[in-house]
Amino acid sequence: MDVQTYMHGVGRQARAASRLIAKAGTATKNKALTETAQAIERASKLLINANARDVAEARHKNLDDAAIDRLILTPQTIAAMADGLIQIAKLPDPVGEIIGLRYRPSGIQVGQMRVPLGVVGIIYESRPNVTADAAGLCLKSGNAAILRGGSEAIHSNQAIAACVREGLVAAGLPETVVQVIETTDRAAVGELITMQDYVDVIVPRGGKGLIERLMRESRIPMIKHLHGVCHVYIDDKADIDKAIRIADNAKTQRLGTCNTLETLLVARGIAQKILPPLAKIYLGKGIELRGDEASRAIVPQMNPAREEDWYTEYLAAILSVRVVDGLDQAIEHITTYGSQHTDAIVTEDITRARRFITEVDSSSVMVNASTRFADGYEYGLGAEIGISTDKLHARGPVGLEGLTSLKYVVFGDGHIRL
């Protein structure tokens with residue numbers, strides 16, 4: 001396969017399809033979503049079998065446990081994919097919405113209309129469910145999509161792509177509204193991120209190495225986050241039972257996600273009460289603890305934390321722990337070492353909670369809740385295209401509105417400028 005010729009063909013088809021999907025009605029887009037969801041449900045066994053091939057090959061290649069965990073499809077995750085598409089269909093259609101319409105002294109009315117971005121290129125690793133989520137969100141927001149999944153999930157992604165095509169055709173839309181790249185050649189990524197004539201925005205979802213490469217090489221704007229060094233700060237005014245539940249869940253509910261807790265900060269005034277029971281839970285679940293000197297004085301089983309640990313997104317059964325003097329030092333630590341992804345405070349003091357959400361400059365900031373909630377589905381977006389820690393255009397979990405832009409619209413009645 002000539003990768004450049006193939007990719008440019010995909011790009012041309014996507015650009016043509018983007019004009020058609022941009023003007024498609026809400027009912028048509030919703031029909032495509034519901035038909036795709038039904039196709040996924042009908043194809044559940046086929047998806048499981050295709051995924052089993054990917055998982056077997058991943059194990060043969062000695063991929064780590066976290067990568068395999070992200071790769072696996074189960075009947076539950078397949079049902080969740082279908083349900084996510086149904087939820088997207090139920091959401092209001094952002095395309096064509098006019099906001100801020102107002103009269104000007106000249107008599108004209110000026111507002112802003114929400115419009116699709118055009119062609120969205122999504123580059124992702126491991127997670128096959130991204131294929132359905134990304135297709136659904138791009139479709140509902142009126143965008144054409146070019147999806148390039150990881151080589152480790154090629155069979156799963158192509159099986160899901162067949163369901164998406166089935167849904168598009170059933171709704172009378174061209175199959176090229178959503179295209180899943182069929183080659184595993186890495187050169188396809190290099191082409192995709194430089195096709196400025198065909199692609200309007202790139203959304204990378206993957207490891208730090210992938211994101212860093214795209215940041216260096218892409219000629220197309222991106223919606224991205226580099227890594228997720230997420231914190232939970234347990235204040236000395238925290239409810240201990242709440243704190244234990246939250247800190248446990250944030251780390252151990254799932255290890256390999258970008259919203260998983262990586263550094264636990266504990267106020268000195270509560271550390272003696274909270275660290276021993278928490279450490280017992282963590283160690284019992286096989287979590288390696290790396291603590292500062294104050295933490296290790298309370299829990300000797302901890303290994304010494306090094307400076308680089310505070311910067312590290314482990315995506316593994318490792319947790320850094322630090323005792324801080326209070327809220328000010330916790331915020332300072334998050335500002336210094338965090339990645340502006342997701343950070344939480346556990347406290348019963350509303351004033352401290354307000355300070356935390358005001359002063360911590362992350363895309364999601366939480367009070368008395370697990371960082372694992374930083375997710376488009378949990379936020380009511382139906383699904384997410386990714387999480388952005390950038391400050392321009394979209395920030396946090398990116399759903400339908402994040403895949404649209406605004407243009408000015410003006411209404412007059414024969415008005416001329418004097």
# chains A, B, ... in the order shown; residues from 1 in each chain; ligands from 1
$ residues_around --residues "Thr336 in chain A" --least-positions-apart "4" --cutoff "12 Å" --atoms "only C-alpha atoms" --output "list of chain:residue names"
A:Val229, A:His231, A:Glu307, A:Trp310, A:Tyr311, A:Gln329, A:Ala330, A:Ile331, A:Glu332, A:Gln340, A:Val360, A:Asp361
$ residues_around --residues "Ile350 in chain A" --least-positions-apart "2" --cutoff "12 Å" --atoms "only C-alpha atoms" --output "list in words"
Asp235, Lys237, Ala238, Ile345, Val346, Thr347, Glu348, Arg352, Ala353, Arg354, Arg355, Phe356, Ile357, Val367 and Asn368 of chain A
$ write_last_selection --atoms "C-alpha atoms" --output "mmCIF file, in the first residue's frame"
data_model
loop_
_atom_site.group_PDB
_atom_site.id
_atom_site.type_symbol
_atom_site.label_atom_id
_atom_site.label_comp_id
_atom_site.auth_asym_id
_atom_site.auth_seq_id
_atom_site.Cartn_x
_atom_site.Cartn_y
_atom_site.Cartn_z
ATOM 1 C CA ASP A 235 -7.461 18.386 54.420
ATOM 2 C CA LYS A 237 -10.995 19.264 58.188
ATOM 3 C CA ALA A 238 -11.864 16.173 56.144
ATOM 4 C CA ILE A 345 -9.824 18.174 47.839
ATOM 5 C CA VAL A 346 -11.512 16.285 50.666
ATOM 6 C CA THR A 347 -12.711 18.722 53.323
ATOM 7 C CA GLU A 348 -15.774 19.782 55.297
ATOM 8 C CA ARG A 352 -11.095 25.922 51.940
ATOM 9 C CA ALA A 353 -13.033 24.072 49.267
ATOM 10 C CA ARG A 354 -13.783 27.361 47.485
ATOM 11 C CA ARG A 355 -10.126 28.386 47.693
ATOM 12 C CA PHE A 356 -9.069 25.047 46.230
ATOM 13 C CA ILE A 357 -11.416 25.202 43.227
ATOM 14 C CA VAL A 367 -14.586 18.706 46.127
ATOM 15 C CA ASN A 368 -15.250 15.507 48.091
#
$ select_by_dssp --residues "range 203-389 of chain A" --states "alpha helix (DSSP H)" --output "MDAnalysis selection string"
chainID A and resid 208:217 240:252 268:284 293:298 327:337 350:359
$ residues_around --residues "range 59-69 of chain A" --least-positions-apart "3" --cutoff "8 Å" --atoms "only C-alpha atoms" --output "mmCIF file with C-alpha atoms, in the first residue's frame"
data_model
loop_
_atom_site.group_PDB
_atom_site.id
_atom_site.type_symbol
_atom_site.label_atom_id
_atom_site.label_comp_id
_atom_site.auth_asym_id
_atom_site.auth_seq_id
_atom_site.Cartn_x
_atom_site.Cartn_y
_atom_site.Cartn_z
ATOM 1 C CA VAL A 55 -5.556 -9.501 23.130
ATOM 2 C CA ALA A 56 -3.823 -12.754 22.194
ATOM 3 C CA ILE A 72 -9.960 -5.707 26.480
ATOM 4 C CA SER A 126 -5.340 0.542 22.844
ATOM 5 C CA LEU A 255 -5.106 1.867 37.416
ATOM 6 C CA GLY A 256 -4.504 2.643 33.760
ATOM 7 C CA LEU A 315 -0.719 4.258 35.187
ATOM 8 C CA ALA A 316 0.288 1.360 37.408
#
$ closest_residue --among "A:Met222, A:Ala58, A:Ile244, A:Val130" --to "Ala279 in chain A" --atoms "only C-alpha atoms"
A:Ile244
$ residues_around --residues "range 134-140 of chain A" --least-positions-apart "3" --cutoff "6 Å" --atoms "only C-alpha atoms" --output "PyMOL selection string"
chain A and resi 29+85+130-131+143+385+400
$ residues_around --residues "range 208-217 of chain A" --least-positions-apart "4" --cutoff "7 Å" --atoms "only C-alpha atoms" --output "VMD selection string"
chain A and resid 204 226 to 227
$ write_last_selection --atoms "C-alpha atoms" --output "PDB file, in the first residue's frame"
ATOM      1  CA  PRO A 204      -4.636  12.504  20.146  1.00  0.00           C
ATOM      2  CA  LEU A 226      -0.016  15.358  27.647  1.00  0.00           C
ATOM      3  CA  HIS A 227      -0.368  13.364  30.853  1.00  0.00           C
TER       4      HIS A 227
END
$ select_by_dssp --residues "range 96-142 of chain A" --states "strand (DSSP E)" --output "list of chain:residue names"
A:Ile98, A:Ile99, A:Gly100, A:Leu101, A:Arg102, A:Tyr103, A:Gln109, A:Val110, A:Gly111, A:Gln112, A:Met113, A:Arg114, A:Val115, A:Pro116, A:Val119, A:Val120, A:Gly121, A:Ile122, A:Ile123, A:Tyr124
$ residues_around --residues "Gln301 in chain A" --least-positions-apart "6" --cutoff "12 Å" --atoms "only C-alpha atoms" --output "PyMOL selection string"
chain A and resi 275-276+279-280+282-284+287-293+295
$ write_last_selection --atoms "N, CA, C and O atoms" --output "PDB file, in the first residue's frame"
ATOM      1  N   LEU A 275      -3.406   8.010  57.351  1.00  0.00           N
ATOM      2  CA  LEU A 275      -2.449   7.234  56.579  1.00  0.00           C
ATOM      3  C   LEU A 275      -2.391   5.751  56.949  1.00  0.00           C
ATOM      4  O   LEU A 275      -2.340   4.900  56.038  1.00  0.00           O
ATOM      5  N   PRO A 276      -2.400   5.370  58.222  1.00  0.00           N
ATOM      6  CA  PRO A 276      -2.343   3.922  58.518  1.00  0.00           C
ATOM      7  C   PRO A 276      -3.498   3.116  57.915  1.00  0.00           C
ATOM      8  O   PRO A 276      -3.245   2.095  57.256  1.00  0.00           O
ATOM      9  N   ALA A 279      -3.048   3.132  54.072  1.00  0.00           N
ATOM     10  CA  ALA A 279      -1.917   2.305  53.657  1.00  0.00           C
ATOM     11  C   ALA A 279      -2.279   0.822  53.714  1.00  0.00           C
ATOM     12  O   ALA A 279      -1.882   0.041  52.835  1.00  0.00           O
ATOM     13  N   LYS A 280      -3.038   0.425  54.719  1.00  0.00           N
ATOM     14  CA  LYS A 280      -3.461  -0.973  54.834  1.00  0.00           C
ATOM     15  C   LYS A 280      -4.294  -1.378  53.622  1.00  0.00           C
ATOM     16  O   LYS A 280      -4.129  -2.464  53.055  1.00  0.00           O
ATOM     17  N   TYR A 282      -4.294   0.133  50.582  1.00  0.00           N
ATOM     18  CA  TYR A 282      -3.457   0.154  49.383  1.00  0.00           C
ATOM     19  C   TYR A 282      -2.538  -1.069  49.315  1.00  0.00           C
ATOM     20  O   TYR A 282      -2.446  -1.735  48.279  1.00  0.00           O
ATOM     21  N   LEU A 283      -1.838  -1.337  50.395  1.00  0.00           N
ATOM     22  CA  LEU A 283      -0.910  -2.462  50.404  1.00  0.00           C
ATOM     23  C   LEU A 283      -1.649  -3.777  50.209  1.00  0.00           C
ATOM     24  O   LEU A 283      -1.149  -4.688  49.539  1.00  0.00           O
ATOM     25  N   GLY A 284      -2.853  -3.862  50.772  1.00  0.00           N
ATOM     26  CA  GLY A 284      -3.668  -5.059  50.596  1.00  0.00           C
ATOM     27  C   GLY A 284      -4.094  -5.271  49.155  1.00  0.00           C
ATOM     28  O   GLY A 284      -4.397  -6.398  48.743  1.00  0.00           O
ATOM     29  N   ILE A 287      -0.686  -2.126  45.952  1.00  0.00           N
ATOM     30  CA  ILE A 287      -0.192  -0.823  45.534  1.00  0.00           C
ATOM     31  C   ILE A 287       1.131  -0.531  46.222  1.00  0.00           C
ATOM     32  O   ILE A 287       1.223  -0.588  47.456  1.00  0.00           O
ATOM     33  N   GLU A 288       2.168  -0.230  45.445  1.00  0.00           N
ATOM     34  CA  GLU A 288       3.439   0.198  46.020  1.00  0.00           C
ATOM     35  C   GLU A 288       3.317   1.663  46.430  1.00  0.00           C
ATOM     36  O   GLU A 288       2.903   2.511  45.632  1.00  0.00           O
ATOM     37  N   LEU A 289       3.694   1.981  47.659  1.00  0.00           N
ATOM     38  CA  LEU A 289       3.630   3.345  48.165  1.00  0.00           C
ATOM     39  C   LEU A 289       5.033   3.950  48.209  1.00  0.00           C
ATOM     40  O   LEU A 289       5.972   3.330  48.703  1.00  0.00           O
ATOM     41  N   ARG A 290       5.139   5.170  47.687  1.00  0.00           N
ATOM     42  CA  ARG A 290       6.404   5.903  47.715  1.00  0.00           C
ATOM     43  C   ARG A 290       6.154   7.223  48.428  1.00  0.00           C
ATOM     44  O   ARG A 290       5.446   8.096  47.915  1.00  0.00           O
ATOM     45  N   GLY A 291       6.721   7.359  49.631  1.00  0.00           N
ATOM     46  CA  GLY A 291       6.391   8.502  50.457  1.00  0.00           C
ATOM     47  C   GLY A 291       7.562   9.402  50.788  1.00  0.00           C
ATOM     48  O   GLY A 291       8.727   9.018  50.657  1.00  0.00           O
ATOM     49  N   ASP A 292       7.232  10.608  51.218  1.00  0.00           N
ATOM     50  CA  ASP A 292       8.258  11.510  51.728  1.00  0.00           C
ATOM     51  C   ASP A 292       8.629  11.077  53.147  1.00  0.00           C
ATOM     52  O   ASP A 292       8.082  10.112  53.687  1.00  0.00           O
ATOM     53  N   GLU A 293       9.544  11.792  53.758  1.00  0.00           N
ATOM     54  CA  GLU A 293      10.047  11.386  55.070  1.00  0.00           C
ATOM     55  C   GLU A 293       8.947  11.354  56.119  1.00  0.00           C
ATOM     56  O   GLU A 293       8.868  10.419  56.935  1.00  0.00           O
ATOM     57  N   SER A 295       5.694  10.897  55.687  1.00  0.00           N
ATOM     58  CA  SER A 295       4.778   9.779  55.425  1.00  0.00           C
ATOM     59  C   SER A 295       5.389   8.461  55.873  1.00  0.00           C
ATOM     60  O   SER A 295       4.712   7.616  56.489  1.00  0.00           O
TER      61      SER A 295
END
$ closest_residue --among "A:Tyr314, A:Val95, A:Ile122, A:Ala161" --to "Glu182 in chain A" --atoms "only C-alpha atoms"
A:Ala161
$ residues_around --residues "Glu191 in chain A" --least-positions-apart "4" --cutoff "12 Å" --atoms "only C-alpha atoms" --output "list in words"
Asp2, Val3, Gln4, Thr5, Tyr6, Met7, His8, Gly9, Val10, Gly11, Gly121, Ile123, Ile146, Arg148, Ile181, Asp185, Arg186, Ala187, Met195, Gln196, Asp197, Tyr198, Val199, Ile202, Leu214, Glu217, Ser218, Arg219 and Ile220 of chain A
$ closest_atom_pairs --of "range 74-184 of chain A" --to "range 32-36 of chain A" --cutoff "7 Å" --atoms "only C-alpha atoms" --output "JSON lines"
{"residue": "A:Leu85", "atom": "CA", "partner": "A:Leu33", "partner_atom": "CA", "distance": 5.7}
{"residue": "A:Ile86", "atom": "CA", "partner": "A:Thr34", "partner_atom": "CA", "distance": 5.8}
{"residue": "A:Ala89", "atom": "CA", "partner": "A:Leu33", "partner_atom": "CA", "distance": 6.1}
{"residue": "A:Gly136", "atom": "CA", "partner": "A:Leu33", "partner_atom": "CA", "distance": 6.4}
{"residue": "A:Cys163", "atom": "CA", "partner": "A:Thr36", "partner_atom": "CA", "distance": 5.6}
{"residue": "A:Val164", "atom": "CA", "partner": "A:Thr36", "partner_atom": "CA", "distance": 5.2}
{"residue": "A:Glu166", "atom": "CA", "partner": "A:Thr36", "partner_atom": "CA", "distance": 6.5}
{"residue": "A:Gly167", "atom": "CA", "partner": "A:Thr36", "partner_atom": "CA", "distance": 4.1}
{"residue": "A:Leu168", "atom": "CA", "partner": "A:Ala32", "partner_atom": "CA", "distance": 5.0}
{"residue": "A:Ala170", "atom": "CA", "partner": "A:Ala32", "partner_atom": "CA", "distance": 6.7}
{"residue": "A:Ala171", "atom": "CA", "partner": "A:Ala32", "partner_atom": "CA", "distance": 5.0}
$ closest_residue --among "A:Leu173, A:Ile88, A:Ala82, A:Ala159" --to "Ala17 in chain A" --atoms "only C-alpha atoms"
A:Leu173
$ closest_residue --among "A:Asn259, A:Met302, A:Ala344, A:Gly269" --to "Asp375 in chain A" --atoms "only C-alpha atoms"
A:Asn259
$ closest_residue --among "A:Val177, A:Val232, A:Cys258, A:Ile223" --to "Lys391 in chain A" --atoms "only C-alpha atoms"
A:Ile223
$ closest_residue --among "A:Val115, A:Ile78, A:Ile416, A:Ala37" --to "Gly142 in chain A" --atoms "only C-alpha atoms"
A:Val115
$ atom_distance --atom1 "CA of Asn157 in chain A" --atom2 "CA of Tyr124 in chain A"
10.9 Å
